file query-v3.csv (CSV, C-alpha atoms)
chain,number,residue,atom,x,y,z
M,879,MET,CA,157.8,22.3,69.5
M,880,ARG,CA,159.5,20.0,72.1
M,881,ARG,CA,157.7,18.0,74.7
M,882,ILE,CA,157.9,19.9,78.0
M,883,LEU,CA,159.3,17.6,80.8
M,884,CYS,CA,159.2,18.8,84.4
M,885,ILE,CA,161.2,17.0,87.1
M,886,GLY,CA,161.1,17.6,90.8
M,887,ASP,CA,159.0,18.2,93.8
M,888,LEU,CA,155.2,17.7,94.3
M,889,CYS,CA,153.9,18.4,97.8
M,890,ALA,CA,150.8,19.5,99.6
M,891,ASP,CA,150.5,23.2,100.3
M,892,LEU,CA,148.6,24.1,103.4
M,893,ILE,CA,147.6,27.8,103.0
M,894,ILE,CA,147.2,29.7,106.3
M,895,PRO,CA,145.3,33.0,105.6
M,896,TYR,CA,146.9,34.8,108.6
M,897,GLY,CA,146.5,38.3,107.2
M,898,GLU,CA,142.9,37.8,106.2
M,899,ALA,CA,142.1,36.4,109.6
M,900,LYS,CA,143.6,39.5,111.3
M,901,ARG,CA,141.5,41.7,109.0
M,902,ASN,CA,138.4,39.8,109.8
M,903,LEU,CA,139.0,40.1,113.5
M,904,ALA,CA,139.3,43.9,113.1
M,905,LEU,CA,136.0,44.0,111.1
M,906,ILE,CA,134.2,41.9,113.7
M,907,ARG,CA,134.9,44.7,116.2
M,908,GLN,CA,133.1,47.0,113.8
M,909,GLY,CA,130.1,44.6,113.6
M,910,ILE,CA,131.1,43.3,110.2
M,911,ILE,CA,131.3,39.5,110.1
M,912,GLY,CA,133.9,37.8,107.9
M,913,SER,CA,135.5,34.4,107.9
M,914,SER,CA,138.7,32.7,106.5
M,915,GLN,CA,139.6,29.1,106.1
M,916,VAL,CA,142.8,27.0,105.8
M,917,GLU,CA,143.1,25.6,102.3
M,918,LEU,CA,144.9,22.5,101.0
M,919,ARG,CA,146.4,22.7,97.5
M,920,SER,CA,148.9,20.9,95.3
M,921,GLY,CA,152.3,22.6,95.5
M,922,GLY,CA,156.1,22.3,95.0
M,923,THR,CA,158.2,24.3,92.6
M,924,ALA,CA,158.1,21.7,89.8
M,925,GLY,CA,154.5,20.7,90.6
M,926,ASN,CA,153.2,24.3,90.4
M,927,THR,CA,155.2,24.9,87.3
M,928,ALA,CA,153.8,21.8,85.6
M,929,ALA,CA,150.3,22.9,86.8
M,930,VAL,CA,150.6,26.3,85.2
M,931,LEU,CA,151.9,24.7,82.0
M,932,GLY,CA,148.8,22.4,82.0
M,933,LYS,CA,146.5,25.4,82.5
M,934,LEU,CA,148.3,27.0,79.5
M,935,GLY,CA,147.3,24.0,77.4
M,936,GLU,CA,150.8,22.6,77.1
M,937,ARG,CA,150.2,19.0,78.4
M,938,PRO,CA,153.6,18.7,80.2
M,939,VAL,CA,155.0,15.4,81.4
M,940,PHE,CA,155.8,15.3,85.1
M,941,VAL,CA,158.4,13.0,86.7
M,942,THR,CA,158.1,13.1,90.5
M,943,ASP,CA,158.4,10.9,93.5
M,944,LEU,CA,154.7,10.3,93.8
M,945,CYS,CA,153.2,9.2,97.1
M,946,ARG,CA,150.7,6.4,97.6
M,947,ASP,CA,149.0,7.8,100.7
M,948,ARG,CA,145.8,9.9,100.6
M,949,LEU,CA,147.7,13.1,100.1
M,950,GLY,CA,149.5,11.5,97.2
M,951,THR,CA,146.2,10.5,95.6
M,952,PHE,CA,144.9,14.0,96.1
M,953,LEU,CA,148.0,15.5,94.5
M,954,LYS,CA,147.9,13.2,91.5
M,955,GLY,CA,144.2,14.0,90.9
M,956,GLU,CA,144.9,17.7,91.1
M,957,MET,CA,147.7,17.6,88.6
M,958,GLU,CA,145.7,15.6,86.1
M,959,ARG,CA,142.8,18.0,86.6
M,960,TYR,CA,145.2,20.8,85.5
M,961,GLY,CA,146.2,18.9,82.4
M,962,VAL,CA,149.5,17.4,83.5
M,963,ASP,CA,150.6,13.9,82.2
M,964,MET,CA,151.4,11.9,85.3
M,965,SER,CA,152.0,8.6,83.5
M,966,MET,CA,155.8,8.8,84.2
M,967,SER,CA,155.4,9.2,88.0
M,968,PRO,CA,154.7,5.8,89.6
M,969,ALA,CA,153.6,5.8,93.2
M,970,GLY,CA,156.1,4.8,95.9
M,971,GLU,CA,155.6,3.9,99.5
M,972,ARG,CA,156.5,7.0,101.4
M,973,GLY,CA,154.1,9.7,102.4
M,974,ALA,CA,153.8,13.2,101.0
M,975,MET,CA,155.6,16.2,102.6
M,976,VAL,CA,153.6,19.3,103.4
M,977,CYS,CA,154.6,23.0,102.9
M,978,ILE,CA,152.8,25.4,105.2
M,979,ALA,CA,152.4,28.9,103.7
M,980,VAL,CA,151.5,31.7,106.1
M,981,VAL,CA,150.0,34.5,104.0
M,982,GLU,CA,150.5,38.0,105.6
M,983,GLU,CA,148.2,41.0,105.3
M,984,ASN,CA,150.2,42.4,102.3
M,985,GLY,CA,150.0,39.1,100.4
M,986,ASP,CA,153.5,38.0,101.1
M,987,ARG,CA,154.0,34.5,102.4
M,988,THR,CA,156.4,32.7,104.8
M,989,MET,CA,157.0,29.0,104.0
M,990,PHE,CA,157.6,26.1,106.4
M,991,SER,CA,158.3,22.6,105.3
M,992,TRP,CA,156.9,19.8,107.4
M,993,ILE,CA,157.6,16.1,107.0
M,994,PRO,CA,154.8,14.0,108.6
M,995,PRO,CA,155.6,10.6,110.0
M,996,GLY,CA,156.4,8.2,107.2
M,997,ALA,CA,156.9,11.0,104.7
M,998,GLY,CA,160.1,12.4,103.2
M,999,TYR,CA,161.6,14.8,100.7
M,1000,PRO,CA,161.1,13.6,97.1
M,1001,THR,CA,164.1,11.5,95.9
M,1002,PHE,CA,165.0,10.1,92.5
M,1003,SER,CA,167.1,7.2,91.1
M,1004,ALA,CA,168.0,6.0,87.6
M,1005,ASP,CA,164.9,3.9,87.7
M,1006,SER,CA,162.8,7.1,88.0
M,1007,PHE,CA,163.5,7.9,84.4
M,1008,ARG,CA,161.9,5.5,82.0
M,1009,PRO,CA,163.7,4.6,78.7
M,1010,GLU,CA,161.0,6.1,76.5
M,1011,LEU,CA,161.9,9.5,77.8
M,1012,PHE,CA,165.1,9.4,75.8
M,1013,LEU,CA,163.1,8.9,72.5
M,1014,THR,CA,161.8,12.5,72.3
M,1015,ASP,CA,163.5,15.9,72.2
M,1016,SER,CA,162.3,17.8,75.4
M,1017,LEU,CA,162.4,21.1,77.0
M,1018,ILE,CA,163.5,19.9,80.4
M,1019,PHE,CA,162.7,21.9,83.6
M,1020,THR,CA,163.9,21.3,87.1
M,1021,GLY,CA,165.1,23.4,90.1
M,1022,GLY,CA,167.0,23.5,93.3
M,1023,MET,CA,164.4,21.5,95.2
M,1024,SER,CA,165.6,18.4,93.3
M,1025,LEU,CA,169.1,19.0,94.9
M,1026,ASN,CA,167.9,17.8,98.3
M,1027,ASN,CA,171.2,16.6,99.9
M,1028,ASP,CA,170.5,13.0,99.0
M,1029,SER,CA,173.7,12.0,97.1
M,1030,CYS,CA,172.1,9.3,95.0
M,1031,SER,CA,169.0,11.4,94.2
M,1032,MET,CA,171.0,14.5,93.1
M,1033,LYS,CA,173.3,12.3,90.9
M,1034,ALA,CA,170.3,10.6,89.3
M,1035,VAL,CA,168.7,13.9,88.2
M,1036,ARG,CA,172.0,15.3,87.0
M,1037,ASP,CA,172.8,12.2,85.1
M,1038,PHE,CA,169.4,12.1,83.4
M,1039,VAL,CA,169.7,15.7,82.3
M,1040,ALA,CA,173.2,15.2,81.0
M,1041,GLU,CA,172.2,12.0,79.1
M,1042,MET,CA,169.2,13.8,77.5
M,1043,LYS,CA,171.4,16.7,76.4
M,1044,GLU,CA,173.9,14.2,74.9
M,1045,LYS,CA,171.5,11.8,73.2
M,1046,THR,CA,168.7,14.2,72.1
M,1047,ASP,CA,168.2,17.8,70.9
M,1048,SER,CA,166.9,18.8,74.3
M,1049,LEU,CA,167.0,22.1,76.0
M,1050,PHE,CA,167.4,22.6,79.8
M,1051,VAL,CA,165.9,25.3,82.0
M,1052,PHE,CA,167.1,25.3,85.6
M,1053,ASP,CA,165.5,27.3,88.4
M,1054,LEU,CA,168.0,28.0,91.3
M,1055,ASN,CA,165.3,28.0,94.0
M,1056,THR,CA,168.0,27.4,96.6
M,1057,ARG,CA,165.8,27.2,99.7
M,1058,ILE,CA,169.0,27.4,101.8
M,1059,GLU,CA,166.9,28.0,104.9
M,1060,THR,CA,165.5,24.4,104.4
M,1061,TYR,CA,168.3,22.5,102.7
M,1062,GLY,CA,171.4,24.5,103.6
M,1063,LEU,CA,174.3,24.6,101.1
M,1064,SER,CA,176.7,21.8,101.7
M,1065,GLU,CA,179.8,21.4,99.5
M,1066,GLU,CA,178.1,18.5,97.8
M,1067,ARG,CA,174.9,20.4,97.1
M,1068,ARG,CA,177.0,23.3,95.9
M,1069,LYS,CA,178.9,21.0,93.5
M,1070,TYR,CA,175.7,19.7,92.0
M,1071,TYR,CA,174.4,23.3,91.6
M,1072,GLY,CA,177.5,24.0,89.6
M,1073,GLU,CA,177.0,21.0,87.4
M,1074,MET,CA,173.3,21.7,86.8
M,1075,ILE,CA,174.1,25.3,85.9
M,1076,ARG,CA,176.8,24.2,83.4
M,1077,LEU,CA,174.2,21.9,81.7
M,1078,ALA,CA,171.5,24.7,81.6
M,1079,ASP,CA,170.6,26.7,78.5
M,1080,VAL,CA,168.6,29.1,80.7
M,1081,VAL,CA,169.0,29.7,84.4
M,1082,LEU,CA,166.1,31.3,86.4
M,1083,GLY,CA,166.5,32.7,89.8
M,1084,SER,CA,165.2,35.3,92.3
M,1085,GLY,CA,167.2,37.9,94.1
M,1086,ILE,CA,170.7,38.1,95.5
M,1087,GLU,CA,169.7,35.7,98.2
M,1088,GLU,CA,169.7,32.9,95.6
M,1089,PHE,CA,172.5,34.1,93.3
M,1090,GLY,CA,174.8,35.5,95.9
M,1091,PRO,CA,175.7,32.3,97.9
M,1092,LEU,CA,176.3,30.4,94.6
M,1093,THR,CA,178.6,33.0,93.0
M,1094,GLY,CA,180.2,34.9,95.9
M,1095,LYS,CA,179.1,38.2,94.3
M,1096,ASP,CA,177.6,41.1,96.2
M,1097,THR,CA,175.1,42.5,93.7
M,1098,LEU,CA,172.5,40.8,91.6
M,1099,GLY,CA,173.9,42.2,88.4
M,1100,GLU,CA,177.4,40.9,89.1
M,1101,ALA,CA,176.1,37.5,90.2
M,1102,ALA,CA,173.9,37.0,87.1
M,1103,ALA,CA,176.6,38.1,84.7
M,1104,SER,CA,179.1,35.6,86.3
M,1105,MET,CA,176.6,32.8,85.9
M,1106,ALA,CA,175.9,33.5,82.2
M,1107,SER,CA,178.1,32.2,79.4
M,1108,GLU,CA,178.2,32.2,75.6
M,1109,ASN,CA,175.7,29.3,75.5
M,1110,ARG,CA,173.7,30.1,78.7
M,1111,CYS,CA,171.5,33.0,79.5
M,1112,VAL,CA,170.3,34.1,83.0
M,1113,ILE,CA,166.9,35.5,84.0
M,1114,ALA,CA,167.1,37.2,87.4
M,1115,ARG,CA,163.9,38.2,89.1
M,1116,ASP,CA,164.1,40.8,92.0
M,1117,GLY,CA,160.7,41.3,93.5
M,1118,LYS,CA,158.9,44.3,92.1
M,1119,ASN,CA,162.1,45.5,90.3
M,1120,PRO,CA,162.6,44.9,86.6
M,1121,VAL,CA,163.6,41.4,85.6
M,1122,MET,CA,167.2,41.2,84.4
M,1123,ILE,CA,168.1,39.2,81.3
M,1124,VAL,CA,171.8,38.4,80.7
M,1125,GLU,CA,172.6,37.0,77.3
M,1126,LYS,CA,175.8,36.8,75.4
M,1127,GLY,CA,177.5,39.5,77.4
M,1128,ARG,CA,174.5,41.9,77.2
M,1129,THR,CA,172.1,42.9,79.9
M,1130,ASP,CA,168.5,43.9,79.4
M,1131,PHE,CA,165.6,44.6,81.7
M,1132,VAL,CA,161.8,44.0,81.5
M,1133,GLU,CA,159.5,45.9,83.8
M,1134,THR,CA,157.2,43.8,86.2
M,1135,GLU,CA,153.5,44.1,86.3
M,1136,GLN,CA,152.4,46.6,89.0
M,1137,VAL,CA,149.3,45.1,90.5
M,1138,SER,CA,147.4,44.9,93.8
M,1139,VAL,CA,148.7,41.8,95.5
M,1140,VAL,CA,146.3,39.2,96.9
M,1141,SER,CA,148.9,36.5,97.5
M,1142,THR,CA,152.4,35.7,96.3
M,1143,VAL,CA,152.1,31.9,96.8
M,1144,GLY,CA,153.2,30.3,93.5
M,1145,ALA,CA,154.3,33.6,91.9
M,1146,GLY,CA,157.7,32.4,90.9
M,1147,ASP,CA,156.3,29.1,89.7
M,1148,THR,CA,153.7,30.9,87.6
M,1149,PHE,CA,156.5,32.9,86.0
M,1150,ASN,CA,158.4,29.7,85.3
M,1151,GLY,CA,155.4,28.0,83.6
M,1152,ALA,CA,154.6,31.0,81.4
M,1153,PHE,CA,158.2,31.5,80.5
M,1154,LEU,CA,158.6,27.8,79.5
M,1155,SER,CA,155.4,28.0,77.4
M,1156,ALA,CA,156.7,31.0,75.4
M,1157,TYR,CA,160.3,29.8,75.2
M,1158,ASN,CA,159.2,26.5,73.8
M,1159,ARG,CA,157.3,28.4,71.0
M,1160,GLY,CA,160.5,30.2,70.0
M,1161,TYR,CA,159.8,33.6,71.4
M,1162,SER,CA,162.7,36.0,72.2
M,1163,LEU,CA,163.9,36.0,75.8
M,1164,LYS,CA,162.5,39.5,76.3
M,1165,ASP,CA,159.0,38.5,75.0
M,1166,CYS,CA,159.2,35.3,77.1
M,1167,VAL,CA,159.8,37.4,80.2
M,1168,LYS,CA,157.1,39.9,79.3
M,1169,PHE,CA,154.6,37.1,79.0
M,1170,ALA,CA,155.8,35.5,82.2
M,1171,ASN,CA,155.6,38.8,84.1
M,1172,GLU,CA,152.0,39.5,82.8
M,1173,THR,CA,150.9,36.0,83.8
M,1174,ALA,CA,152.5,36.1,87.2
M,1175,GLY,CA,151.1,39.6,87.8
M,1176,TYR,CA,147.6,38.3,87.0
M,1177,MET,CA,148.0,35.3,89.3
M,1178,ILE,CA,149.2,37.3,92.4
M,1179,SER,CA,146.3,39.8,92.0
M,1180,HIS,CA,143.5,37.2,91.8
M,1181,PRO,CA,142.3,34.9,94.5
M,1182,GLY,CA,142.4,31.1,93.9
M,1183,HIS,CA,145.2,28.7,93.1
M,1184,LEU,CA,147.6,29.5,90.2
M,1185,GLU,CA,144.9,31.6,88.4
M,1186,ILE,CA,145.8,32.6,84.8
M,1187,PRO,CA,143.9,34.7,82.3
M,1188,GLU,CA,141.2,32.9,80.3
M,1189,ASP,CA,142.4,34.4,77.0
M,1190,ARG,CA,145.9,33.1,77.6
M,1191,ALA,CA,146.4,32.0,74.0
M,1192,ALA,CA,145.5,35.4,72.7
M,1193,ARG,CA,147.7,37.1,75.2
M,1194,LEU,CA,150.7,35.0,74.1
M,1195,LYS,CA,150.1,35.8,70.5
M,1196,LYS,CA,150.5,39.5,71.1
M,1197,PHE,CA,154.1,39.2,72.2

call {"tool": "encode", "arguments": {"input": "query-v3.csv", "output": "structure tokens"}}
result
Amino acid sequence: MRRILCIGDLCADLIIPYGEAKRNLALIRQGIIGSSQVELRSGGTAGNTAAVLGKLGERPVFVTDLCRDRLGTFLKGEMERYGVDMSMSPAGERGAMVCIAVVEENGDRTMFSWIPPGAGYPTFSADSFRPELFLTDSLIFTGGMSLNNDSCSMKAVRDFVAEMKEKTDSLFVFDLNTRIETYGLSEERRKYYGEMIRLADVVLGSGIEEFGPLTGKDTLGEAAASMASENRCVIARDGKNPVMIVEKGRTDFVETEQVSVVSTVGAGDTFNGAFLSAYNRGYSLKDCVKFANETAGYMISHPGHLEIPEDRAARLKKF
């Protein structure tokens, strides 16, 4: 198996249990006392994906723009506790950004990014990628949050992936994760999306809201098909609907897990981590998606942070 290498964002997630607080207020009127608390967690698309991989026993290597402030120290400690190798993420001087997740009564969440004074979006340069990274074949993962409108940073990530693909027998999985509501979609950012997609062996994404603006297509099926190629497959999630797999001109579907939702915070990242774990072990795309669906279904139906089944190894073997 290849080493799994995650590149991208690590931030602090502030979880606001708005729906739970509303339910508790209603219960208080009935004489039933309940309480809810704001929770601080590690977050970010790449950070959560790496954390899930660590919980799955994969020991991923994470390259991120680590912060030296108290939040950065907290985030580094959390990642290491989950089993993530942080040795390739030296600490810089800027502060950590914060993502505020407001969790509704049905478990869905609305995300807001906040940049505290002295903080900033994660950025990368050629120096972010140590020479020893080029000595080992890797399964590389990054996503749209690394395309953050900083020209030098976007180029550095693109150049690293391209060089790894050229010099090693590495595979590249790219999660669209456009976050257009935060980053927009400038012509430069769109250009780097195109280049990252062309480098990718597998593209992951969620809904027409991610695929549509990048392809100009009106339906998810058309958009996913237009992004696939002879050497690149596309995995398109669509909420509770079946997950679409487009590979070598053929489209297949995998049903999602129907569960009672507690919170969807980190659902896509959990899918990513489980998919990468199975993909790195040589499973078929359909079995990779089945395992990812089951793992994400378990996570969104259980309280806590990125919870996965304890018998994860046995579950993977059955696919």

call {"tool": "atom_distance", "arguments": {"input": "query-v3.csv", "atom1": "CA of Leu1098 in chain M", "atom2": "CA of Met1023 in chain M"}}
result
21.2 Å

call {"tool": "closest_residue", "arguments": {"input": "query-v3.csv", "among": "M:Ile1178, M:Val1124, M:Ala899, M:Leu1025", "to": "Thr1060 in chain M", "atoms": "only C-alpha atoms"}}
result
M:Leu1025

call {"tool": "residues_around", "arguments": {"input": "query-v3.csv", "residues": "range 1188-1194 of chain M", "least_positions_apart": "2", "cutoff": "10 Å", "atoms": "all atoms listed in the file", "output": "list of chain:residue names"}}
result
M:Lys933, M:Leu934, M:Gly935, M:Ala1152, M:Ser1155, M:Ala1156, M:Arg1159, M:Tyr1161, M:Asp1165, M:Cys1166, M:Lys1168, M:Phe1169, M:Ala1170, M:Glu1172, M:Thr1173, M:Glu1185, M:Ile1186, M:Lys1196, M:Phe1197

call {"tool": "atom_distance", "arguments": {"input": "query-v3.csv", "atom1": "CA of Ile1058 in chain M", "atom2": "CA of Thr988 in chain M"}}
result
14.0 Å

call {"tool": "residues_around", "arguments": {"input": "query-v3.csv", "residues": "Leu1163 in chain M", "least_positions_apart": "6", "cutoff": "10 Å", "atoms": "only C-alpha atoms", "output": "PyMOL selection string"}}
result
chain M and resi 1080+1111-1113+1123-1125+1130+1153+1156-1157+1169

call {"tool": "atom_distance", "arguments": {"input": "query-v3.csv", "atom1": "CA of Phe1052 in chain M", "atom2": "CA of Ala1101 in chain M"}}
result
15.8 Å

call {"tool": "closest_residue", "arguments": {"input": "query-v3.csv", "among": "M:Leu1017, M:Cys1030, M:Ala1040, M:Ala890", "to": "Ser1003 in chain M", "atoms": "all atoms listed in the file"}}
result
M:Cys1030

call {"tool": "closest_residue", "arguments": {"input": "query-v3.csv", "among": "M:Val941, M:Ile894, M:Ala929, M:Ala904", "to": "Pro1000 in chain M", "atoms": "all atoms listed in the file"}}
result
M:Val941

call {"tool": "residues_around", "arguments": {"input": "query-v3.csv", "residues": "Leu1184 in chain M", "least_positions_apart": "4", "cutoff": "8 Å", "atoms": "all atoms listed in the file", "output": "short mmCIF file (atom, residue, chain, number, x, y, z; two decimals) with C-alpha atoms, keeping the file's coordinate frame"}}
result
data_model
loop_
_atom_site.label_atom_id
_atom_site.label_comp_id
_atom_site.auth_asym_id
_atom_site.auth_seq_id
_atom_site.Cartn_x
_atom_site.Cartn_y
_atom_site.Cartn_z
CA ASN M 926 153.20 24.30 90.40
CA ALA M 929 150.30 22.90 86.80
CA VAL M 930 150.60 26.30 85.20
CA GLY M 1144 153.20 30.30 93.50
CA THR M 1148 153.70 30.90 87.60
CA MET M 1177 148.00 35.30 89.30
#

call {"tool": "residues_around", "arguments": {"input": "query-v3.csv", "residues": "Asn1171 in chain M", "least_positions_apart": "6", "cutoff": "8 Å", "atoms": "all atoms listed in the file", "output": "CSV table (one decimal) with C-alpha atoms, in the frame of the given file"}}
result
chain,number,residue,atom,x,y,z
M,1134,THR,CA,157.2,43.8,86.2
M,1135,GLU,CA,153.5,44.1,86.3
M,1149,PHE,CA,156.5,32.9,86.0

call {"tool": "residues_around", "arguments": {"input": "query-v3.csv", "residues": "range 976-982 of chain M", "least_positions_apart": "4", "cutoff": "6 Å", "atoms": "all atoms listed in the file", "output": "PyMOL selection string"}}
result
chain M and resi 889-897+986-992

call {"tool": "closest_residue", "arguments": {"input": "query-v3.csv", "among": "M:Asp943, M:Asp1047, M:Glu1087, M:Glu917", "to": "Met964 in chain M", "atoms": "all atoms listed in the file"}}
result
M:Asp943

call {"tool": "closest_residue", "arguments": {"input": "query-v3.csv", "among": "M:Arg907, M:Phe1038, M:Arg880, M:Thr923", "to": "Arg937 in chain M", "atoms": "only C-alpha atoms"}}
result
M:Arg880

call {"tool": "closest_residue", "arguments": {"input": "query-v3.csv", "among": "M:Val1143, M:Val939, M:Ala1102, M:Leu918", "to": "Ala1114 in chain M", "atoms": "only C-alpha atoms"}}
result
M:Ala1102
